[in-house]
Structures are given as structure tokens and as C-alpha cells.
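Participant: Input input18.pdb, format and content: PDB, C-alpha atoms.
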ATOM      1  CA  MET A 178       3.266   0.674 -16.430  1.00  0.00           C
ATOM      2  CA  SER A 179       1.244   1.098 -19.557  1.00  0.00           C
ATOM      3  CA  GLY A 180      -1.860   3.242 -19.736  1.00  0.00           C
ATOM      4  CA  LEU A 181      -0.579   5.819 -17.242  1.00  0.00           C
ATOM      5  CA  PRO A 182      -0.313   9.518 -17.927  1.00  0.00           C
ATOM      6  CA  ASP A 183       3.276  10.448 -18.803  1.00  0.00           C
ATOM      7  CA  ARG A 184       3.598  12.585 -15.668  1.00  0.00           C
ATOM      8  CA  TYR A 185       3.472   9.415 -13.521  1.00  0.00           C
ATOM      9  CA  ARG A 186       5.691   7.071 -15.519  1.00  0.00           C
ATOM     10  CA  ASP A 187       8.689   7.629 -13.226  1.00  0.00           C
ATOM     11  CA  ALA A 188       6.741   7.745  -9.961  1.00  0.00           C
ATOM     12  CA  VAL A 189       7.764   5.566  -7.048  1.00  0.00           C
ATOM     13  CA  THR A 190       5.101   2.874  -6.689  1.00  0.00           C
ATOM     14  CA  PHE A 191       4.092   1.080  -3.520  1.00  0.00           C
ATOM     15  CA  ALA A 192       1.177  -0.602  -1.781  1.00  0.00           C
ATOM     16  CA  PHE A 193       0.227   0.003   1.827  1.00  0.00           C
ATOM     17  CA  GLY A 194       0.458  -2.910   4.261  1.00  0.00           C
ATOM     18  CA  ASP A 195       1.910  -6.370   3.857  1.00  0.00           C
ATOM     19  CA  SER A 196      -0.836  -8.269   2.049  1.00  0.00           C
ATOM     20  CA  PRO A 197      -3.218  -7.671  -0.850  1.00  0.00           C
ATOM     21  CA  ALA A 198      -6.179  -7.489   1.548  1.00  0.00           C
ATOM     22  CA  LEU A 199      -4.485  -4.920   3.783  1.00  0.00           C
ATOM     23  CA  ALA A 200      -3.349  -2.929   0.733  1.00  0.00           C
ATOM     24  CA  ASP A 201      -6.968  -2.664  -0.438  1.00  0.00           C
ATOM     25  CA  GLU A 202      -8.259  -1.827   3.047  1.00  0.00           C
ATOM     26  CA  LEU A 203      -5.754   0.987   3.569  1.00  0.00           C
ATOM     27  CA  LEU A 204      -6.169   2.293   0.024  1.00  0.00           C
ATOM     28  CA  ALA A 205      -9.920   2.560   0.616  1.00  0.00           C
ATOM     29  CA  LEU A 206      -9.206   4.754   3.662  1.00  0.00           C
ATOM     30  CA  VAL A 207      -6.969   7.003   1.539  1.00  0.00           C
ATOM     31  CA  LEU A 208      -9.611   7.298  -1.180  1.00  0.00           C
ATOM     32  CA  ALA A 209     -12.252   8.139   1.445  1.00  0.00           C
ATOM     33  CA  GLY A 210     -10.042  10.881   2.890  1.00  0.00           C
ATOM     34  CA  LYS A 211      -9.676   9.113   6.256  1.00  0.00           C
ATOM     35  CA  LYS A 212      -6.006   8.146   5.918  1.00  0.00           C
ATOM     36  CA  THR A 213      -3.514  10.983   5.410  1.00  0.00           C
ATOM     37  CA  ALA A 214      -0.493   9.481   7.173  1.00  0.00           C
ATOM     38  CA  THR A 215       1.549   6.308   7.306  1.00  0.00           C
ATOM     39  CA  CYS A 216       4.700   5.026   8.936  1.00  0.00           C
ATOM     40  CA  ALA A 217       7.382   2.399   8.498  1.00  0.00           C
ATOM     41  CA  ALA A 218      10.349   1.107  10.435  1.00  0.00           C
ATOM     42  CA  ALA A 219      13.166   3.554   9.671  1.00  0.00           C
ATOM     43  CA  LYS A 220      15.588   0.607   9.408  1.00  0.00           C
ATOM     44  CA  ASP A 221      13.740  -0.505   6.270  1.00  0.00           C
ATOM     45  CA  TYR A 222      15.142   2.475   4.333  1.00  0.00           C
ATOM     46  CA  ALA A 223      18.782   2.860   3.362  1.00  0.00           C
ATOM     47  CA  GLU A 224      20.033   6.433   3.772  1.00  0.00           C
ATOM     48  CA  ASP A 225      20.009   6.988   0.005  1.00  0.00           C
ATOM     49  CA  SER A 226      16.971   4.818  -0.787  1.00  0.00           C
ATOM     50  CA  ALA A 227      14.953   6.002  -3.786  1.00  0.00           C
ATOM     51  CA  ASP A 228      11.831   4.660  -2.052  1.00  0.00           C
ATOM     52  CA  LYS A 229      12.241   6.850   1.032  1.00  0.00           C
ATOM     53  CA  PRO A 230       9.493   9.514   1.121  1.00  0.00           C
ATOM     54  CA  VAL A 231      10.535  13.055   0.200  1.00  0.00           C
ATOM     55  CA  VAL A 232       8.430  16.162   0.854  1.00  0.00           C
ATOM     56  CA  GLY A 233       6.891  17.329  -2.407  1.00  0.00           C
ATOM     57  CA  ARG A 234       7.342  14.044  -4.252  1.00  0.00           C
ATOM     58  CA  ARG A 235       4.333  12.328  -5.761  1.00  0.00           C
ATOM     59  CA  ASP A 236       4.098   8.554  -5.439  1.00  0.00           C
ATOM     60  CA  MET A 237       1.704   6.061  -6.952  1.00  0.00           C
ATOM     61  CA  VAL A 238      -0.292   3.823  -4.630  1.00  0.00           C
ATOM     62  CA  LEU A 239      -1.072   0.342  -5.924  1.00  0.00           C
ATOM     63  CA  ASP A 240      -4.115  -1.679  -4.967  1.00  0.00           C
ATOM     64  CA  GLY A 241      -3.906  -5.243  -3.671  1.00  0.00           C
ATOM     65  CA  ALA A 242      -3.740  -6.582  -7.242  1.00  0.00           C
ATOM     66  CA  GLY A 243      -0.775  -4.334  -8.060  1.00  0.00           C
ATOM     67  CA  ARG A 244      -2.769  -1.904 -10.201  1.00  0.00           C
ATOM     68  CA  PRO A 245      -2.118   1.860 -10.012  1.00  0.00           C
ATOM     69  CA  ALA A 246      -4.971   3.323  -7.959  1.00  0.00           C
ATOM     70  CA  ALA A 247      -4.016   6.763  -6.655  1.00  0.00           C
ATOM     71  CA  VAL A 248      -1.328   9.397  -6.540  1.00  0.00           C
ATOM     72  CA  ILE A 249      -0.303  10.953  -3.234  1.00  0.00           C
ATOM     73  CA  GLU A 250       2.077  13.803  -2.444  1.00  0.00           C
ATOM     74  CA  THR A 251       4.262  13.727   0.661  1.00  0.00           C
ATOM     75  CA  VAL A 252       3.718  16.851   2.767  1.00  0.00           C
ATOM     76  CA  GLU A 253       5.752  15.940   5.883  1.00  0.00           C
ATOM     77  CA  VAL A 254       8.406  13.427   6.894  1.00  0.00           C
ATOM     78  CA  THR A 255       9.468  13.055  10.521  1.00  0.00           C
ATOM     79  CA  TYR A 256      11.309  10.468  12.551  1.00  0.00           C
ATOM     80  CA  ARG A 257      10.155   9.430  15.986  1.00  0.00           C
ATOM     81  CA  ARG A 258      10.257   6.450  18.258  1.00  0.00           C
ATOM     82  CA  PHE A 259       7.265   4.129  18.293  1.00  0.00           C
ATOM     83  CA  ASP A 260       6.488   5.127  21.886  1.00  0.00           C
ATOM     84  CA  GLU A 261       6.597   8.822  20.925  1.00  0.00           C
ATOM     85  CA  VAL A 262       3.845   8.632  18.296  1.00  0.00           C
ATOM     86  CA  ASP A 263       1.010  10.887  19.429  1.00  0.00           C
ATOM     87  CA  ALA A 264      -2.767  10.740  19.146  1.00  0.00           C
ATOM     88  CA  ALA A 265      -2.826  13.239  16.258  1.00  0.00           C
ATOM     89  CA  PHE A 266      -0.625  11.004  14.105  1.00  0.00           C
ATOM     90  CA  ALA A 267      -2.634   7.901  15.034  1.00  0.00           C
ATOM     91  CA  ARG A 268      -5.812   9.763  14.034  1.00  0.00           C
ATOM     92  CA  ASP A 269      -4.284  10.806  10.703  1.00  0.00           C
ATOM     93  CA  GLU A 270      -3.380   7.194   9.926  1.00  0.00           C
ATOM     94  CA  GLY A 271      -7.162   6.713   9.937  1.00  0.00           C
ATOM     95  CA  GLU A 272      -7.214   3.024  10.743  1.00  0.00           C
ATOM     96  CA  GLY A 273      -9.738   1.283  12.983  1.00  0.00           C
ATOM     97  CA  GLU A 274     -11.063   3.622  15.626  1.00  0.00           C
ATOM     98  CA  ALA A 275      -8.203   6.037  14.792  1.00  0.00           C
ATOM     99  CA  ASN A 276      -7.145   6.322  18.427  1.00  0.00           C
ATOM    100  CA  LEU A 277      -3.668   5.970  19.900  1.00  0.00           C
ATOM    101  CA  GLU A 278      -4.339   2.806  21.896  1.00  0.00           C
ATOM    102  CA  GLN A 279      -5.595   0.866  18.892  1.00  0.00           C
ATOM    103  CA  TRP A 280      -2.847   2.339  16.714  1.00  0.00           C
ATOM    104  CA  ARG A 281      -0.229   1.002  19.150  1.00  0.00           C
ATOM    105  CA  ARG A 282      -1.785  -2.482  19.307  1.00  0.00           C
ATOM    106  CA  ASP A 283      -2.227  -2.787  15.540  1.00  0.00           C
ATOM    107  CA  HIS A 284       1.202  -1.418  14.665  1.00  0.00           C
ATOM    108  CA  GLU A 285       3.006  -3.519  17.253  1.00  0.00           C
ATOM    109  CA  THR A 286       1.386  -6.577  15.666  1.00  0.00           C
ATOM    110  CA  TYR A 287       2.343  -5.367  12.177  1.00  0.00           C
ATOM    111  CA  PHE A 288       5.976  -4.662  13.096  1.00  0.00           C
ATOM    112  CA  ARG A 289       6.353  -7.983  14.932  1.00  0.00           C
ATOM    113  CA  ARG A 290       5.084  -9.702  11.778  1.00  0.00           C
ATOM    114  CA  ASN A 291       7.512  -7.744   9.586  1.00  0.00           C
ATOM    115  CA  GLY A 292      10.927  -7.981  11.164  1.00  0.00           C
ATOM    116  CA  GLY A 293      10.626  -7.073  14.794  1.00  0.00           C
ATOM    117  CA  PHE A 294       9.215  -4.636  17.293  1.00  0.00           C
ATOM    118  CA  SER A 295      10.579  -2.549  20.110  1.00  0.00           C
ATOM    119  CA  PRO A 296       8.842   0.355  21.891  1.00  0.00           C
ATOM    120  CA  ASP A 297      11.898   2.506  21.152  1.00  0.00           C
ATOM    121  CA  MET A 298      12.218   1.528  17.477  1.00  0.00           C
ATOM    122  CA  GLU A 299      12.610   4.488  15.147  1.00  0.00           C
ATOM    123  CA  LEU A 300       9.802   5.128  12.670  1.00  0.00           C
ATOM    124  CA  LEU A 301       9.727   7.148   9.505  1.00  0.00           C
ATOM    125  CA  CYS A 302       6.391   8.964   9.762  1.00  0.00           C
ATOM    126  CA  GLU A 303       4.870  10.470   6.642  1.00  0.00           C
ATOM    127  CA  ARG A 304       1.890  12.727   6.101  1.00  0.00           C
ATOM    128  CA  PHE A 305       0.509  13.005   2.590  1.00  0.00           C
ATOM    129  CA  ARG A 306      -2.333  14.394   0.557  1.00  0.00           C
ATOM    130  CA  LEU A 307      -4.359  12.627  -2.109  1.00  0.00           C
ATOM    131  CA  VAL A 308      -3.603  14.209  -5.483  1.00  0.00           C
ATOM    132  CA  GLU A 309      -5.500  12.008  -7.907  1.00  0.00           C
ATOM    133  CA  ILE A 310      -7.595   8.866  -8.027  1.00  0.00           C
ATOM    134  CA  LEU A 311      -6.639   6.782 -11.044  1.00  0.00           C
ATOM    135  CA  GLU A 312      -9.085   4.834 -13.163  1.00  0.00           C
ATOM    136  CA  ARG A 313      -8.639   1.086 -12.721  1.00  0.00           C
TER     137      ARG A 313
END
Would you mind writing the file out in C-alpha cells?
Facilitator:
Amino acid sequence: MSGLPDRYRDAVTFAFGDSPALADELLALVLAGKKTATCAAAKDYAEDSADKPVVGRRDMVLDGAGRPAAVIETVEVTYRRFDEVDAAFARDEGEGEANLEQWRRDHETYFRRNGGFSPDMELLCERFRLVEILER
């Protein structure tokens, strides 16, 4: 990606969510300091996937238009079942009312839309910190 500082040229890039609108909504929460965690179905990552979060790695978050918007650093990676996610993690995801009940409803809907849902599905849960907001 042109126009980026050299230190980010090899960064893994991704957008939150599954649509441009959701990517922008979740990015706004990150930029506001409300979202410091995210999760994905563990089955979506191969064991040796270069996209799988790694503690200490810095990744570039794209906005809904695919433009580099922020850099985050992974500070924790855990695996847990969907039904084992706790209120603290739901709060750190920062979405909606940031409570566990809403988190469960919203994420069940998301996972059903993106390949299937089960209460005992394994999730890759990541906590991160915002490192830098990039000029767009």
C-alpha cells in the first residue's frame, strides 16, 4: 500500500466485520477507545495461518473503503467456547450496550451469517491496544 510508513509495509491488514458499514462502525469504536477486543470462529484460521493474531504483532485495520486507518497491537490471544465468553470480554468488545446478553445475540447472528453457529463453537479471542491512528 503506497503512502504508508515503511514500518507498516509488511503488516497484516484486515477490516472488522463482514461489510463496509460494519467495518466503519467497529473501527470508530476502536478509534474512540471503546473496542479493545475482538473474536472470530477458530475454524476460520489454519494452524499456520499468517493472519492468525500473535501477541506483540502489529496489524493494520482498514476502514470500510479498504483504506489503512489504524494500527493495533495484539496483547492477548485466548481460545474459548462461545458459551464461555464472559462479561468482561463482551465489555471489551465495546459494541452496543457492551453487555454479555447483547454480545451473545449479536455474535450469534454474525456467526450464523458467516458459516454457522453453535453454542460450543470455539472462538479465537483477541485483546489489543490502539498504537496509531493513520491519516486517511
Participant: Given the choices A:Asp221, A:Glu274, A:Asp187, A:Asp283, which gets closest to Leu301 of chain A if the distance is worked out from all atoms listed in the file?
Facilitator: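 Counting all atoms listed in the file, the residue closest to Leu301 of chain A is A:Asp221.
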Participant: Return the single residue from A:Leu277, A:Asp236, A:Phe193, A:Ala218 that is closest to Ala265 of chain A, with distances computed using all atoms listed in the file.
Facilitator: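 Using all atoms listed in the file, the shortest distance to Ala265 of chain A belongs to A:Leu277.
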Participant: Return as AutoDock Vina command-line options the centre and edge lengths, in Å with one decimal, of the box along x, y and z that encloses every atom of segment 211-223 of chain A in the file, padded by 5 Å per side.
Facilitator:
--center_x 4.6 --center_y 5.2 --center_z 6.9 --size_x 38.5 --size_y 21.5 --size_z 17.1
Participant: What does the PyMOL selection byres ((chain A and resi 249) around 9) select in this file, as a ChimeraX atom specification?
Facilitator: /A:234-238,247-248,250-251,305-310
Participant: Store the residues picked out above in a file with C-alpha atoms, as a CSV table (one decimal), in the frame of the given file.
Facilitator:
chain,number,residue,atom,x,y,z
A,234,ARG,CA,7.3,14.0,-4.3
A,235,ARG,CA,4.3,12.3,-5.8
A,236,ASP,CA,4.1,8.6,-5.4
A,237,MET,CA,1.7,6.1,-7.0
A,238,VAL,CA,-0.3,3.8,-4.6
A,247,ALA,CA,-4.0,6.8,-6.7
A,248,VAL,CA,-1.3,9.4,-6.5
A,250,GLU,CA,2.1,13.8,-2.4
A,251,THR,CA,4.3,13.7,0.7
A,305,PHE,CA,0.5,13.0,2.6
A,306,ARG,CA,-2.3,14.4,0.6
A,307,LEU,CA,-4.4,12.6,-2.1
A,308,VAL,CA,-3.6,14.2,-5.5
A,309,GLU,CA,-5.5,12.0,-7.9
A,310,ILE,CA,-7.6,8.9,-8.0
Participant: Taking into account only C-alpha atoms, which residue in the set A:Ala214, A:Val254, A:Val232, A:Ala219 is nearest to Asp269 of chain A?
Facilitator: A:Ala214
Participant: Just the number, please: distance in Å from atom CA of Lys220 of chain A to atom CA of Glu272 of chain A, one decimal.
Facilitator: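 These two atoms are separated by 23.0 Å.
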Participant: Since the input lacks some atoms of segment 253-269 of chain A, please model N, CA and C atoms and print them as a compact mmCIF listing (two decimals), in the coordinates of the input.
Facilitator:
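Full text of selection.txt as output:
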# COMPACT_ATOMS: atom_id res chain seq x y z
N GLU A 253 4.92 15.87 4.68
CA GLU A 253 5.75 15.94 5.88
C GLU A 253 6.42 14.59 6.10
N VAL A 254 7.67 14.63 6.50
CA VAL A 254 8.41 13.43 6.89
C VAL A 254 9.08 13.74 8.22
N THR A 255 8.82 12.91 9.22
CA THR A 255 9.47 13.06 10.52
C THR A 255 9.93 11.68 10.99
N TYR A 256 10.85 11.70 11.92
CA TYR A 256 11.31 10.47 12.55
C TYR A 256 10.97 10.56 14.03
N ARG A 257 10.43 9.48 14.55
CA ARG A 257 10.15 9.43 15.99
C ARG A 257 10.13 7.97 16.43
N ARG A 258 10.33 7.80 17.71
CA ARG A 258 10.26 6.45 18.26
C ARG A 258 8.80 6.00 18.28
N PHE A 259 8.61 4.69 18.23
CA PHE A 259 7.26 4.13 18.29
C PHE A 259 6.51 4.68 19.50
N ASP A 260 7.16 4.69 20.67
CA ASP A 260 6.49 5.13 21.89
C ASP A 260 6.31 6.64 21.98
N GLU A 261 6.78 7.37 20.98
CA GLU A 261 6.60 8.82 20.92
C GLU A 261 5.50 9.25 19.94
N VAL A 262 4.93 8.30 19.23
CA VAL A 262 3.84 8.63 18.30
C VAL A 262 2.67 9.15 19.12
N ASP A 263 2.09 10.25 18.67
CA ASP A 263 1.01 10.89 19.43
C ASP A 263 -0.36 10.59 18.84
N ALA A 264 -1.38 11.00 19.55
CA ALA A 264 -2.77 10.74 19.15
C ALA A 264 -3.10 11.39 17.81
N ALA A 265 -2.54 12.56 17.53
CA ALA A 265 -2.83 13.24 16.26
C ALA A 265 -2.33 12.41 15.08
N PHE A 266 -1.13 11.83 15.21
CA PHE A 266 -0.62 11.00 14.10
C PHE A 266 -1.45 9.73 13.96
N ALA A 267 -1.79 9.11 15.08
CA ALA A 267 -2.63 7.90 15.03
C ALA A 267 -3.96 8.21 14.35
N ARG A 268 -4.55 9.36 14.66
CA ARG A 268 -5.81 9.76 14.03
C ARG A 268 -5.62 9.93 12.53
N ASP A 269 -4.52 10.57 12.12
CA ASP A 269 -4.28 10.81 10.70
C ASP A 269 -4.01 9.53 9.93
